[in-house]
Structures are given as C-alpha cells and as structure tokens.
file upload-v3.pdb (PDB, C-alpha atoms)
ATOM      1  CA  MET A   4      20.031  32.043  -6.957
ATOM      2  CA  THR A   5      18.954  34.844  -4.633
ATOM      3  CA  ASP A   6      16.022  34.566  -2.216
ATOM      4  CA  GLU A   7      14.087  36.997  -4.401
ATOM      5  CA  ALA A   8      14.669  34.883  -7.501
ATOM      6  CA  ILE A   9      13.611  31.727  -5.655
ATOM      7  CA  ALA A  10      10.454  33.454  -4.443
ATOM      8  CA  GLU A  11       9.598  34.540  -7.990
ATOM      9  CA  ALA A  12      10.100  30.983  -9.250
ATOM     10  CA  PHE A  13       7.378  29.708  -6.901
ATOM     11  CA  MET A  14       3.732  30.637  -6.476
ATOM     12  CA  ARG A  15       1.848  30.947  -3.196
ATOM     13  CA  CYS A  16      -1.062  28.515  -3.053
ATOM     14  CA  VAL A  17      -3.918  27.687  -0.718
ATOM     15  CA  ALA A  18      -5.379  24.176  -0.671
ATOM     16  CA  ASN A  19      -8.734  23.471   0.931
ATOM     17  CA  PHE A  20      -9.010  19.960   2.401
ATOM     18  CA  GLU A  21     -11.739  18.137   4.269
ATOM     19  CA  ILE A  22     -10.470  15.797   6.990
ATOM     20  CA  THR A  23     -12.181  12.934   8.773
ATOM     21  CA  SER A  24     -11.311  12.635  12.452
ATOM     22  CA  ASP A  25     -12.705  11.278  15.710
ATOM     23  CA  VAL A  26     -11.965  14.592  17.449
ATOM     24  CA  SER A  27     -13.097  18.170  16.778
ATOM     25  CA  VAL A  28     -11.961  21.686  17.651
ATOM     26  CA  VAL A  29     -13.440  22.566  21.056
ATOM     27  CA  THR A  30     -15.775  25.217  19.564
ATOM     28  CA  ASP A  31     -17.049  25.853  16.040
ATOM     29  CA  ASP A  32     -15.843  29.466  16.015
ATOM     30  CA  LEU A  33     -12.252  28.635  16.986
ATOM     31  CA  VAL A  34      -9.644  28.461  14.194
ATOM     32  CA  LEU A  35      -6.399  26.694  15.054
ATOM     33  CA  THR A  36      -3.197  27.623  13.221
ATOM     34  CA  ILE A  37      -0.071  25.534  12.693
ATOM     35  CA  LYS A  38       2.965  27.366  11.314
ATOM     36  CA  ASP A  39       5.896  25.301  10.165
ATOM     37  CA  PRO A  40       9.024  26.895  11.705
ATOM     38  CA  ARG A  41      10.829  26.396   8.391
ATOM     39  CA  GLY A  42       8.096  28.285   6.586
ATOM     40  CA  SER A  43       7.091  25.432   4.271
ATOM     41  CA  TYR A  44       3.404  25.700   5.160
ATOM     42  CA  GLU A  45       0.760  27.213   7.390
ATOM     43  CA  ALA A  46      -2.350  25.203   8.267
ATOM     44  CA  ARG A  47      -5.650  26.609   9.541
ATOM     45  CA  ILE A  48      -8.030  24.070  11.090
ATOM     46  CA  LYS A  49     -11.664  24.486  12.077
ATOM     47  CA  ASN A  50     -14.846  22.469  12.406
ATOM     48  CA  ILE A  51     -17.320  22.173   9.565
ATOM     49  CA  PRO A  52     -20.614  22.567  11.448
ATOM     50  CA  ARG A  53     -23.300  20.026  10.634
ATOM     51  CA  SER A  54     -26.986  20.083  11.371
ATOM     52  CA  GLU A  55     -27.608  16.380  10.796
ATOM     53  CA  TYR A  56     -25.744  13.517  12.403
ATOM     54  CA  THR A  57     -26.461  11.252   9.461
ATOM     55  CA  THR A  58     -23.545  12.932   7.666
ATOM     56  CA  PRO A  59     -19.929  12.336   8.782
ATOM     57  CA  PHE A  60     -18.149  14.969  10.848
ATOM     58  CA  LEU A  61     -15.389  16.751   8.956
ATOM     59  CA  LEU A  62     -12.654  19.245   9.749
ATOM     60  CA  SER A  63     -11.719  21.999   7.323
ATOM     61  CA  LEU A  64      -7.978  22.360   6.799
ATOM     62  CA  HIS A  65      -6.644  25.253   4.713
ATOM     63  CA  LEU A  66      -3.019  24.807   3.733
ATOM     64  CA  ASN A  67      -0.878  27.769   2.624
ATOM     65  CA  PHE A  68       2.301  26.734   0.811
ATOM     66  CA  ASP A  69       4.629  27.466  -2.104
ATOM     67  CA  ALA A  70       4.756  25.371  -5.280
ATOM     68  CA  PRO A  71       6.595  25.683  -8.612
ATOM     69  CA  GLY A  72       3.244  25.917 -10.380
ATOM     70  CA  LEU A  73      -0.380  24.917 -10.160
ATOM     71  CA  LYS A  74       0.358  21.665 -11.985
ATOM     72  CA  GLU A  75       2.748  20.565  -9.234
ATOM     73  CA  ALA A  76       0.708  22.071  -6.403
ATOM     74  CA  ASN A  77      -1.475  19.009  -5.886
ATOM     75  CA  ASP A  78       1.481  16.694  -5.151
ATOM     76  CA  VAL A  79       3.154  19.310  -2.960
ATOM     77  CA  ALA A  80      -0.063  19.838  -1.011
ATOM     78  CA  ASP A  81      -0.545  16.103  -0.458
ATOM     79  CA  ASP A  82       2.979  15.726   0.932
ATOM     80  CA  LEU A  83       2.588  18.703   3.277
ATOM     81  CA  LEU A  84      -0.855  17.532   4.358
ATOM     82  CA  ALA A  85       0.552  14.115   5.268
ATOM     83  CA  ASN A  86       3.217  15.829   7.377
ATOM     84  CA  CYS A  87       0.596  17.934   9.122
ATOM     85  CA  LEU A  88      -1.757  14.999   9.779
ATOM     86  CA  ASN A  89       1.131  12.888  11.077
ATOM     87  CA  MET A  90       1.919  15.517  13.702
ATOM     88  CA  LEU A  91      -1.744  15.935  14.633
ATOM     89  CA  ALA A  92      -2.047  12.183  15.202
ATOM     90  CA  PHE A  93       1.256  12.111  17.095
ATOM     91  CA  THR A  94       0.323  14.884  19.522
ATOM     92  CA  THR A  95      -3.335  13.923  20.087
ATOM     93  CA  GLY A  96      -3.350  10.132  19.785
ATOM     94  CA  SER A  97      -6.385  10.506  17.498
ATOM     95  CA  SER A  98      -7.093   9.548  13.899
ATOM     96  CA  PHE A  99      -6.868  12.043  11.037
ATOM     97  CA  ARG A 100      -7.424  11.077   7.402
ATOM     98  CA  LYS A 101      -7.855  13.018   4.194
ATOM     99  CA  HIS A 102     -11.493  12.881   3.089
ATOM    100  CA  ARG A 103     -11.164  14.947  -0.076
ATOM    101  CA  ILE A 104      -9.682  18.102  -1.550
ATOM    102  CA  ARG A 105     -12.009  20.922  -2.613
ATOM    103  CA  GLN A 106      -9.723  23.364  -4.442
ATOM    104  CA  ILE A 107      -6.213  24.757  -4.798
ATOM    105  CA  VAL A 108      -6.008  28.487  -5.431
ATOM    106  CA  ASP A 109      -3.213  30.798  -6.562
ATOM    107  CA  ALA A 110      -3.172  32.981  -3.445
ATOM    108  CA  GLU A 111      -0.979  35.780  -4.821
ATOM    109  CA  PRO A 112      -1.521  36.268  -8.570
ATOM    110  CA  LYS A 113       0.620  38.812 -10.337
ATOM    111  CA  GLN A 114      -0.831  42.281 -10.657
ATOM    112  CA  GLY A 115      -3.510  42.331 -13.322
ATOM    113  CA  ALA A 116      -3.467  38.561 -13.773
ATOM    114  CA  MET A 117      -6.461  36.303 -13.236
ATOM    115  CA  ARG A 118      -6.427  34.012 -10.218
ATOM    116  CA  ASP A 119      -5.714  30.383 -11.209
ATOM    117  CA  VAL A 120      -7.789  27.715  -9.462
ATOM    118  CA  LEU A 121      -7.910  23.924  -9.450
ATOM    119  CA  MET A 122     -11.457  22.827  -8.583
ATOM    120  CA  TRP A 123     -12.858  19.473  -7.579
ATOM    121  CA  GLY A 124     -16.542  18.635  -7.912
ATOM    122  CA  GLU A 125     -18.965  19.704  -5.208
ATOM    123  CA  VAL A 126     -20.351  16.183  -5.148
ATOM    124  CA  VAL A 127     -17.914  13.337  -4.643
ATOM    125  CA  GLU A 128     -18.216  10.978  -7.592
ATOM    126  CA  TYR A 129     -17.032   7.457  -6.958
ATOM    127  CA  ASP A 130     -15.877   4.971  -9.561
ATOM    128  CA  ASP A 131     -18.539   2.577 -10.726
ATOM    129  CA  PRO A 132     -17.738  -0.878  -9.283
ATOM    130  CA  GLN A 133     -16.750  -3.695 -11.593
ATOM    131  CA  PRO A 134     -19.497  -6.353 -11.936
ATOM    132  CA  PHE A 135     -17.362  -9.195 -10.602
ATOM    133  CA  LEU A 136     -19.058 -10.916  -7.623
ATOM    134  CA  ARG A 137     -20.998 -14.027  -8.611
ATOM    135  CA  PRO A 138     -22.501 -17.074  -6.868
ATOM    136  CA  GLU A 139     -19.280 -18.942  -7.677
ATOM    137  CA  HIS A 140     -17.436 -16.682  -5.252
ATOM    138  CA  THR A 141     -19.688 -17.455  -2.303
ATOM    139  CA  SER A 142     -19.614 -21.195  -2.991
ATOM    140  CA  SER A 143     -15.817 -21.011  -3.218
ATOM    141  CA  ILE A 144     -15.625 -19.164   0.117
ATOM    142  CA  GLU A 145     -17.791 -21.837   1.730
ATOM    143  CA  ARG A 146     -15.414 -24.439   0.343
ATOM    144  CA  LEU A 147     -12.366 -22.637   1.732
ATOM    145  CA  LEU A 148     -14.031 -22.207   5.126
ATOM    146  CA  GLN A 149     -14.068 -25.971   5.529
ATOM    147  CA  PHE A 150     -10.400 -25.593   6.428
ATOM    148  CA  ASP A 151      -9.694 -24.341   9.943
ATOM    149  CA  VAL A 152      -7.264 -21.543   9.080
ATOM    150  CA  PRO A 153      -4.480 -21.206  11.697
ATOM    151  CA  PRO A 154      -4.438 -17.871  13.603
ATOM    152  CA  ALA A 155      -1.143 -16.801  12.024
ATOM    153  CA  ILE A 156      -2.516 -17.274   8.511
ATOM    154  CA  ARG A 157      -5.692 -15.378   9.454
ATOM    155  CA  ARG A 158      -3.477 -12.460  10.473
ATOM    156  CA  ALA A 159      -1.591 -12.719   7.200
ATOM    157  CA  LEU A 160      -4.899 -12.653   5.305
ATOM    158  CA  ARG A 161      -5.828  -9.512   7.229
ATOM    159  CA  TRP A 162      -2.637  -7.727   6.110
ATOM    160  CA  TYR A 163      -3.253  -8.964   2.566
ATOM    161  CA  ARG A 164      -6.743  -7.399   2.634
ATOM    162  CA  LEU A 165      -5.379  -4.127   4.024
ATOM    163  CA  GLY A 166      -2.718  -4.102   1.320
ATOM    164  CA  ILE A 167      -5.289  -4.442  -1.450
ATOM    165  CA  HIS A 168      -7.304  -1.586   0.067
ATOM    166  CA  ALA A 169      -4.321   0.728   0.726
ATOM    167  CA  ASP A 170      -4.219   3.978  -1.250
ATOM    168  CA  SER A 171      -0.482   4.262  -1.924
ATOM    169  CA  PRO A 172       1.908   1.715  -3.478
ATOM    170  CA  ASP A 173       4.291   2.238  -0.523
ATOM    171  CA  ASP A 174       1.607   1.125   1.934
ATOM    172  CA  GLN A 175       0.558  -1.748  -0.309
ATOM    173  CA  PHE A 176       4.103  -3.095  -0.460
ATOM    174  CA  THR A 177       4.585  -2.736   3.306
ATOM    175  CA  TYR A 178       1.326  -4.513   4.170
ATOM    176  CA  PHE A 179       2.014  -7.300   1.677
ATOM    177  CA  TRP A 180       5.461  -7.766   3.205
ATOM    178  CA  PHE A 181       3.951  -8.012   6.705
ATOM    179  CA  ALA A 182       1.726 -10.830   5.441
ATOM    180  CA  LEU A 183       4.594 -12.605   3.678
ATOM    181  CA  GLU A 184       6.785 -12.465   6.779
ATOM    182  CA  ILE A 185       4.003 -13.917   8.952
ATOM    183  CA  VAL A 186       3.516 -16.830   6.550
ATOM    184  CA  ALA A 187       7.261 -17.446   6.355
ATOM    185  CA  GLU A 188       7.632 -17.480  10.140
ATOM    186  CA  PHE A 189       4.588 -19.740  10.502
ATOM    187  CA  GLN A 190       5.961 -22.422   8.187
ATOM    188  CA  LYS A 191       9.636 -21.973   9.065
ATOM    189  CA  PRO A 192      11.249 -25.440   9.064
ATOM    190  CA  THR A 193      12.789 -26.743  12.271
ATOM    191  CA  SER A 194      15.705 -28.342  10.438
ATOM    192  CA  LYS A 195      18.925 -26.366  10.629
ATOM    193  CA  VAL A 196      20.748 -24.827   7.676
ATOM    194  CA  HIS A 197      24.371 -23.962   7.004
ATOM    195  CA  ASP A 198      25.840 -20.485   7.139
ATOM    196  CA  LYS A 199      26.702 -19.406   3.615
ATOM    197  CA  CYS A 200      29.605 -17.553   2.092
ATOM    198  CA  PRO A 201      28.462 -14.008   1.168
ATOM    199  CA  HIS A 202      30.296 -14.287  -2.162
ATOM    200  CA  CYS A 203      29.700 -17.777  -3.594
ATOM    201  CA  GLN A 204      26.824 -18.846  -1.303
ATOM    202  CA  SER A 205      28.575 -22.129  -0.465
ATOM    203  CA  ALA A 206      28.330 -23.574   3.061
ATOM    204  CA  LEU A 207      30.956 -22.076   5.366
ATOM    205  CA  TYR A 208      33.445 -24.411   7.014
ATOM    206  CA  CYS A 209      35.126 -23.902  10.392
ATOM    207  CA  GLU A 210      38.676 -25.256  10.286
ATOM    208  CA  LYS A 211      38.998 -25.338  14.073
ATOM    209  CA  CYS A 212      35.756 -27.276  14.642
ATOM    210  CA  GLU A 213      36.157 -29.160  11.370
ATOM    211  CA  LYS A 214      32.487 -28.846  10.507
ATOM    212  CA  HIS A 215      29.928 -26.633   8.802
ATOM    213  CA  PRO A 216      28.164 -24.344  11.359
ATOM    214  CA  GLU A 217      24.381 -24.786  11.406
ATOM    215  CA  HIS A 218      21.452 -22.791  12.757
ATOM    216  CA  ARG A 219      17.698 -22.498  12.338
ATOM    217  CA  PRO A 220      16.805 -20.423   9.272
ATOM    218  CA  TYR A 221      16.870 -16.682   9.865
ATOM    219  CA  ALA A 222      13.751 -14.656   9.028
ATOM    220  CA  LYS A 223      15.265 -13.373   5.787
ATOM    221  CA  GLN A 224      16.216 -16.898   4.722
ATOM    222  CA  SER A 225      12.719 -18.193   5.489
ATOM    223  CA  ILE A 226      11.094 -15.419   3.458
ATOM    224  CA  ARG A 227      13.371 -16.022   0.495
ATOM    225  CA  ALA A 228      12.701 -19.767   0.630
ATOM    226  CA  LEU A 229       8.949 -19.150   0.786
ATOM    227  CA  MET A 230       9.008 -16.796  -2.217
ATOM    228  CA  MET A 231      10.906 -19.267  -4.375
ATOM    229  CA  ALA A 232       8.763 -22.207  -3.318
ATOM    230  CA  ALA A 233       5.520 -20.297  -3.967
ATOM    231  CA  ASP A 234       6.438 -18.797  -7.332
ATOM    232  CA  GLY A 235       8.532 -20.678  -9.859
ATOM    233  CA  GLU A 236       9.320 -17.394 -11.627
ATOM    234  CA  CYS A 237      10.913 -15.904  -8.489
ATOM    235  CA  ASP A 238      14.684 -16.178  -8.808
ATOM    236  CA  GLU A 239      17.543 -14.862  -6.678
ATOM    237  CA  ALA A 240      17.465 -11.493  -8.440
ATOM    238  CA  THR A 241      13.737 -11.033  -7.775
ATOM    239  CA  ALA A 242      14.081 -12.060  -4.133
ATOM    240  CA  ALA A 243      16.999  -9.660  -3.693
ATOM    241  CA  LEU A 244      15.028  -6.832  -5.343
ATOM    242  CA  LEU A 245      12.045  -7.316  -3.012
ATOM    243  CA  ASP A 246      14.267  -7.594   0.047
ATOM    244  CA  GLN A 247      16.166  -4.423  -0.892
ATOM    245  CA  THR A 248      12.881  -2.597  -1.491
ATOM    246  CA  ARG A 249      11.590  -3.730   1.898
ATOM    247  CA  ASN A 250      14.767  -2.473   3.608
ATOM    248  CA  SER A 251      14.510   0.909   1.906
ATOM    249  CA  LEU A 252      10.856   1.412   2.873
ATOM    250  CA  MET A 253      11.419   0.281   6.450
ATOM    251  CA  HIS A 254      14.277   2.775   6.764
ATOM    252  CA  GLY A 255      12.202   5.750   5.666
ATOM    253  CA  ALA A 256      12.543   5.868   1.885
ATOM    254  CA  THR A 257       9.670   5.841  -0.612
ATOM    255  CA  LEU A 258       9.273   3.898  -3.844
ATOM    256  CA  ARG A 259       9.533   7.151  -5.771
ATOM    257  CA  GLU A 260      12.835   7.980  -4.063
ATOM    258  CA  ILE A 261      14.381   4.623  -5.000
ATOM    259  CA  GLU A 262      12.748   4.305  -8.439
ATOM    260  CA  SER A 263      16.147   4.206 -10.137
ATOM    261  CA  THR A 264      16.721   0.771  -8.539
ATOM    262  CA  LEU A 265      13.264  -0.569  -9.434
ATOM    263  CA  PRO A 266      11.589  -1.824 -12.607
ATOM    264  CA  ASP A 267       9.715   0.702 -14.729
ATOM    265  CA  PRO A 268       7.179   1.740 -13.587
ATOM    266  CA  HIS A 269       8.384   1.595  -9.997
ATOM    267  CA  GLU A 270       4.909   0.623  -8.736
ATOM    268  CA  SER A 271       5.245  -2.724 -10.536
ATOM    269  CA  VAL A 272       7.365  -4.031  -7.667
ATOM    270  CA  VAL A 273       4.132  -4.063  -5.637
ATOM    271  CA  ASP A 274       2.504  -6.280  -8.263
ATOM    272  CA  ILE A 275       5.452  -8.689  -8.103
ATOM    273  CA  LEU A 276       5.218  -8.978  -4.329
ATOM    274  CA  GLY A 277       1.415  -9.239  -4.440
ATOM    275  CA  ARG A 278       1.576 -12.126  -6.902
ATOM    276  CA  ILE A 279       4.102 -14.033  -4.798
ATOM    277  CA  LEU A 280       2.181 -13.401  -1.573
ATOM    278  CA  LEU A 281      -1.049 -14.608  -3.126
ATOM    279  CA  LYS A 282       0.523 -17.877  -4.215
ATOM    280  CA  ALA A 283       2.094 -18.312  -0.775
ATOM    281  CA  LEU A 284      -1.304 -17.827   0.890
ATOM    282  CA  VAL A 285      -3.001 -20.294  -1.450
ATOM    283  CA  ARG A 286      -0.378 -22.883  -0.494
ATOM    284  CA  GLN A 287      -1.492 -22.659   3.156
ATOM    285  CA  PHE A 288      -4.796 -24.354   2.276
ATOM    286  CA  PRO A 289      -4.992 -28.110   1.669
ATOM    287  CA  LYS A 290      -4.738 -28.918  -2.007
ATOM    288  CA  GLU A 291      -8.080 -30.701  -2.088
ATOM    289  CA  VAL A 292      -9.829 -27.656  -0.576
ATOM    290  CA  VAL A 293      -8.233 -25.227  -3.009
ATOM    291  CA  GLU A 294      -9.048 -27.440  -5.984
ATOM    292  CA  GLY A 295     -12.697 -27.541  -5.049
ATOM    293  CA  ALA A 296     -12.891 -23.811  -4.453
ATOM    294  CA  TYR A 297     -11.108 -22.571  -7.547
ATOM    295  CA  MET A 298     -12.855 -24.790 -10.062
ATOM    296  CA  ALA A 299     -15.650 -22.224  -9.971
ATOM    297  CA  PHE A 300     -13.187 -19.387 -10.539
ATOM    298  CA  LEU A 301     -11.802 -20.875 -13.736
ATOM    299  CA  ARG A 302     -14.960 -19.971 -15.605
ATOM    300  CA  LEU A 303     -14.360 -16.293 -14.833
ATOM    301  CA  ILE A 304     -11.031 -16.026 -16.648
ATOM    302  CA  CYS A 305     -12.554 -14.933 -19.942
ATOM    303  CA  ILE A 306     -14.688 -12.305 -18.175
ATOM    304  CA  THR A 307     -11.705 -10.835 -16.362
ATOM    305  CA  GLU A 308      -9.541 -10.832 -19.483
ATOM    306  CA  SER A 309     -12.228  -9.075 -21.515
ATOM    307  CA  MET A 310     -12.345  -6.144 -19.069
ATOM    308  CA  ARG A 311      -8.860  -5.026 -20.133
ATOM    309  CA  LEU A 312      -8.442  -2.816 -17.073
ATOM    310  CA  PRO A 313      -5.221  -0.965 -16.239
ATOM    311  CA  ILE A 314      -3.609  -3.682 -14.158
ATOM    312  CA  CYS A 315      -1.428  -1.572 -11.856
ATOM    313  CA  ARG A 316      -4.363   0.661 -10.951
ATOM    314  CA  ARG A 317      -6.702  -2.193 -10.074
ATOM    315  CA  LEU A 318      -4.513  -4.423  -7.978
ATOM    316  CA  SER A 319      -7.345  -6.321  -6.349
ATOM    317  CA  LEU A 320      -8.789  -7.433  -9.691
ATOM    318  CA  TRP A 321      -5.312  -8.127 -11.088
ATOM    319  CA  ILE A 322      -4.546 -10.395  -8.170
ATOM    320  CA  ARG A 323      -7.797 -12.260  -8.638
ATOM    321  CA  ARG A 324      -6.848 -12.815 -12.261
ATOM    322  CA  ASP A 325      -3.519 -14.171 -11.098
ATOM    323  CA  ILE A 326      -5.330 -16.642  -8.855
ATOM    324  CA  LEU A 327      -7.241 -17.902 -11.842
ATOM    325  CA  ILE A 328      -4.252 -18.323 -14.124
ATOM    326  CA  TRP A 329      -2.078 -19.834 -11.415
ATOM    327  CA  SER A 330      -4.718 -22.279 -10.218
ATOM    328  CA  LEU A 331      -5.338 -23.317 -13.808
ATOM    329  CA  LYS A 332      -1.648 -24.114 -14.319
ATOM    330  CA  GLY A 333      -0.921 -25.467 -10.851
ATOM    331  CA  PHE A 334      -3.827 -27.778 -10.102
ATOM    332  CA  ARG A 335      -4.537 -29.637 -13.333
TER
END
call {"tool": "encode", "arguments": {"input": "upload-v3.pdb", "output": "structure tokens"}}
result
Amino acid sequence: MTDEAIAEAFMRCVANFEITSDVSVVTDDLVLTIKDPRGSYEARIKNIPRSEYTTPFLLSLHLNFDAPGLKEANDVADDLLANCLNMLAFTTGSSFRKHRIRQIVDAEPKQGAMRDVLMWGEVVEYDDPQPFLRPEHTSSIERLLQFDVPPAIRRALRWYRLGIHADSPDDQFTYFWFALEIVAEFQKPTSKVHDKCPHCQSALYCEKCEKHPEHRPYAKQSIRALMMAADGECDEATAALLDQTRNSLMHGATLREIESTLPDPHESVVDILGRILLKALVRQFPKEVVEGAYMAFLRLICITESMRLPICRRLSLWIRRDILIWSLKGFR
C-alpha cells in the first residue's frame, strides 16, 4: 500500500485532555509543543488559568494524531497520551495524570463533509456509590485491629488496596502480584527443599554426591506454595498461568497483547489472582480473630448477591463477596 493510500485510510484527529500535575508551564501564555520524531503525534501543552484556588490546577493537552476512524480514536489517543505523560514524568521528575478527556475532533474532514466530534460532558458525572458500608464493617475492622499486623503484611495490604483502586487490569495484576510476593517471602519456610526435574518434577539426585541436593525455597517456589495453600482450587495449571502472566507483564507486555494465552475475557486473570491474594492475606490473621470479624460479614451475602453487578468491572465489591463466601466455607 502506498503512503497516499495509507494516509487516506486514516483520519487526522485532535483530542483535548485535561491533566493533573504538580508543575505548571512557566507562564499562562506559553504553549509548549512536543513533536514525535516518528510523526505519530504532536502535543500542545498549556496552563488552564484559574481564578480560585479551591479548584484543582489543570494543564490542557491537545493531541494531534492519526486514527483509522473516530470509533478507534479514543483508544489510540489514550495510548499516545500515556506515552507523552511517561516522557514528561521521566524528564521532569514530576507527576502527570489524566484528569479527563473533553473531546476528540476530526481535524481534517473531507471537502464538503461535516466535522465529526466525540464529546464528553462539561460536568464530570461520577458513578453513584454502592450502599455497602454498614456498622458491621467498622466492628469487624476493630476486631481485626486486635492483631498486631507485621510490617511486611501491612505493606502487602497497601499493595492490595492500590490494586483494587488501579484503573487498568495490567496495573491491578501487577500490584496484586507485589502483595502476593511480599506475603510469600514473609512466610517462606526455613526448611530446605529438593531441586526438581523440569520434566517429571521428581527430586533430582546427584550420583557423585549420592544424595538429593537441597536449598531454601526460591521466590517462585514460595509463591506457588502460598497460592496452593491459600486456595484449594488453585492447581499447577493455574499457578503456571499466573506466573507466566507475571513474567510477560514484567517484561513489557500487556494483557491485551498476550490475550491469546489467557482465559476469555483476558481481564479475568486479574480476578483469579485477586481471589488467591485475598485468601492468602486472610490467612495471615489468627483464626480466632478472623472468625470474630467475619461473622458480621456473613449477613451481607444476600445483599451483595442481589446487586448483580458486573463482577469484572467492580473488582473491589467482587473481592468482598469472595471474602464472604470463602469465610462461610472455611470457618464453619
């Protein structure tokens, strides 16, 4: 396909983003321009002046780029914006985060054609929260706080919280894995284990030494052992799937790029890891403390079930439901 044909197959778009940052352009009348040397985008950045300091400071970022069509333009713009914000953070050491998108416009409509526009509301409308918090939650927290949580587990709980709050499934999986690895390292047994054959998984034998070599469990072995101990449904195939997913993400891939190796939908691998991590974290509390805390939660099962929310989209509520079901089965 010629360059002209490729150009005709794409449309030139402009996306208007608002960015939160702890730095601003040095003056309000200065417009900074970033041109990708490969021509994939051009970004124009300027301050959005504000008269009141009770509103957050925002940067305006206009992104010029090519997309196959307006339908695909939103995803293309998000990917290019992430690339641009990554480089801004890298070169300035400051934070940059997408606040919202205002519109995407067809910048070069064909002669005589109307200009196509994707518009987002002038006022940001947030989802109505689910009515979930009850006195039982606070009494359960007080019960759990009776246990002096070790520092390592507190750090794991922090990564668990960040994972629930993360926007993308890739970030959720990564944060959950951080938490799982911390828990596994914290409770790693001191007893040594045998090296295993990569084919049959039997203990390897050294003919010269006439014994089975032993060592303390490696990190990967500790994580696998923790997953299987925490979740009876986690088998070798599940552990291998999660480990392979972790390796792919840590080496630069995304869940979408490796979706052919994942369950359908590919985001469900995050739910699998989240469920296992949750059970592993619960196991770090004394049984008598957990029993006392979750007795109050059991009465909320019917409420949660009746909501019938899309599970993958509401991971935090889904995980709470898993606590209820698991505690009901595991502590009777």
call {"tool": "atom_distance", "arguments": {"input": "upload-v3.pdb", "atom1": "CA of Met231 in chain A", "atom2": "CA of Leu245 in chain A"}}
result
12.1 Å
call {"tool": "residues_around", "arguments": {"input": "upload-v3.pdb", "residues": "Tyr208 in chain A", "least_positions_apart": "4", "cutoff": "10 Å", "atoms": "only C-alpha atoms", "output": "list of chain:residue names"}}
result
A:His197, A:Asp198, A:Lys199, A:Cys200, A:Cys212, A:Glu213, A:Lys214, A:His215, A:Pro216
call {"tool": "atom_distance", "arguments": {"input": "upload-v3.pdb", "atom1": "CA of Met253 in chain A", "atom2": "CA of Asp25 in chain A"}}
result
28.1 Å
call {"tool": "atom_distance", "arguments": {"input": "upload-v3.pdb", "atom1": "CA of Arg158 in chain A", "atom2": "CA of Pro134 in chain A"}}
result
28.2 Å
call {"tool": "resolve_selection", "arguments": {"input": "upload-v3.pdb", "expression": "the PyMOL selection byres ((chain A and resi 39) around 12)", "output": "ChimeraX atom specification"}}
result
/A:36-38,40-47,66-68,83-84,86-87,90
call {"tool": "resolve_selection", "arguments": {"input": "upload-v3.pdb", "expression": "the PyMOL selection byres ((chain A and resi 233) around 7)", "output": "PyMOL selection string"}}
result
chain A and resi 229-232+234-235+279+282-283
call {"tool": "closest_residue", "arguments": {"input": "upload-v3.pdb", "among": "A:Ile156, A:Leu88, A:Leu33, A:Leu64", "to": "Ala18 in chain A", "atoms": "all atoms listed in the file"}}
result
A:Leu64
call {"tool": "resolve_selection", "arguments": {"input": "upload-v3.pdb", "expression": "the PyMOL selection byres ((chain A and resi 259-270) around 9)", "output": "MDAnalysis selection string"}}
result
chainID A and resid 172:173 244 248 251 256:258 271:274 315
call {"tool": "closest_residue", "arguments": {"input": "upload-v3.pdb", "among": "A:Asp109, A:Asp78, A:Tyr56, A:His65", "to": "Phe13 in chain A", "atoms": "only C-alpha atoms"}}
result
A:Asp109
call {"tool": "closest_residue", "arguments": {"input": "upload-v3.pdb", "among": "A:Ser63, A:Thr57, A:Asn19, A:Gln149", "to": "Ala110 in chain A", "atoms": "only C-alpha atoms"}}
result
A:Asn19
call {"tool": "residues_around", "arguments": {"input": "upload-v3.pdb", "residues": "range 14-16 of chain A", "least_positions_apart": "5", "cutoff": "10 Å", "atoms": "only C-alpha atoms", "output": "JSON list (two decimals) with C-alpha atoms, keeping the file's coordinate frame"}}
result
[["chain", "number", "residue", "atom", "x", "y", "z"],
["A", 9, "ILE", "CA", 13.61, 31.73, -5.66],
["A", 44, "TYR", "CA", 3.40, 25.70, 5.16],
["A", 66, "LEU", "CA", -3.02, 24.81, 3.73],
["A", 67, "ASN", "CA", -0.88, 27.77, 2.62],
["A", 68, "PHE", "CA", 2.30, 26.73, 0.81],
["A", 69, "ASP", "CA", 4.63, 27.47, -2.10],
["A", 70, "ALA", "CA", 4.76, 25.37, -5.28],
["A", 71, "PRO", "CA", 6.60, 25.68, -8.61],
["A", 72, "GLY", "CA", 3.24, 25.92, -10.38],
["A", 73, "LEU", "CA", -0.38, 24.92, -10.16],
["A", 76, "ALA", "CA", 0.71, 22.07, -6.40],
["A", 77, "ASN", "CA", -1.48, 19.01, -5.89],
["A", 80, "ALA", "CA", -0.06, 19.84, -1.01],
["A", 107, "ILE", "CA", -6.21, 24.76, -4.80],
["A", 108, "VAL", "CA", -6.01, 28.49, -5.43],
["A", 109, "ASP", "CA", -3.21, 30.80, -6.56],
["A", 110, "ALA", "CA", -3.17, 32.98, -3.44],
["A", 111, "GLU", "CA", -0.98, 35.78, -4.82],
["A", 112, "PRO", "CA", -1.52, 36.27, -8.57],
["A", 113, "LYS", "CA", 0.62, 38.81, -10.34],
["A", 119, "ASP", "CA", -5.71, 30.38, -11.21],
["A", 120, "VAL", "CA", -7.79, 27.72, -9.46]]
call {"tool": "residues_around", "arguments": {"input": "upload-v3.pdb", "residues": "Ile51 in chain A", "least_positions_apart": "4", "cutoff": "9 Å", "atoms": "only C-alpha atoms", "output": "JSON, numbers by chain"}}
result
{"A": [21, 31, 60, 61, 62, 63]}
call {"tool": "closest_residue", "arguments": {"input": "upload-v3.pdb", "among": "A:Arg53, A:Gln224, A:Phe93, A:Ser171", "to": "Asp81 in chain A", "atoms": "only C-alpha atoms"}}
result
A:Ser171
call {"tool": "closest_residue", "arguments": {"input": "upload-v3.pdb", "among": "A:Ala182, A:Ile48, A:Ile167, A:Val17", "to": "Ala155 in chain A", "atoms": "all atoms listed in the file"}}
result
A:Ala182
call {"tool": "axis_aligned_box", "arguments": {"input": "upload-v3.pdb", "around": "range 226-233 of chain A", "padding_each_side": "4 Å", "output": "JSON"}}
result
{"center_x": 9.4, "center_y": -18.8, "center_z": -0.5, "size_x": 15.9, "size_y": 14.8, "size_z": 15.8}
call {"tool": "closest_residue", "arguments": {"input": "upload-v3.pdb", "among": "A:Asp151, A:Asp246, A:Glu139, A:Glu239", "to": "Leu183 in chain A", "atoms": "all atoms listed in the file"}}
result
A:Asp246
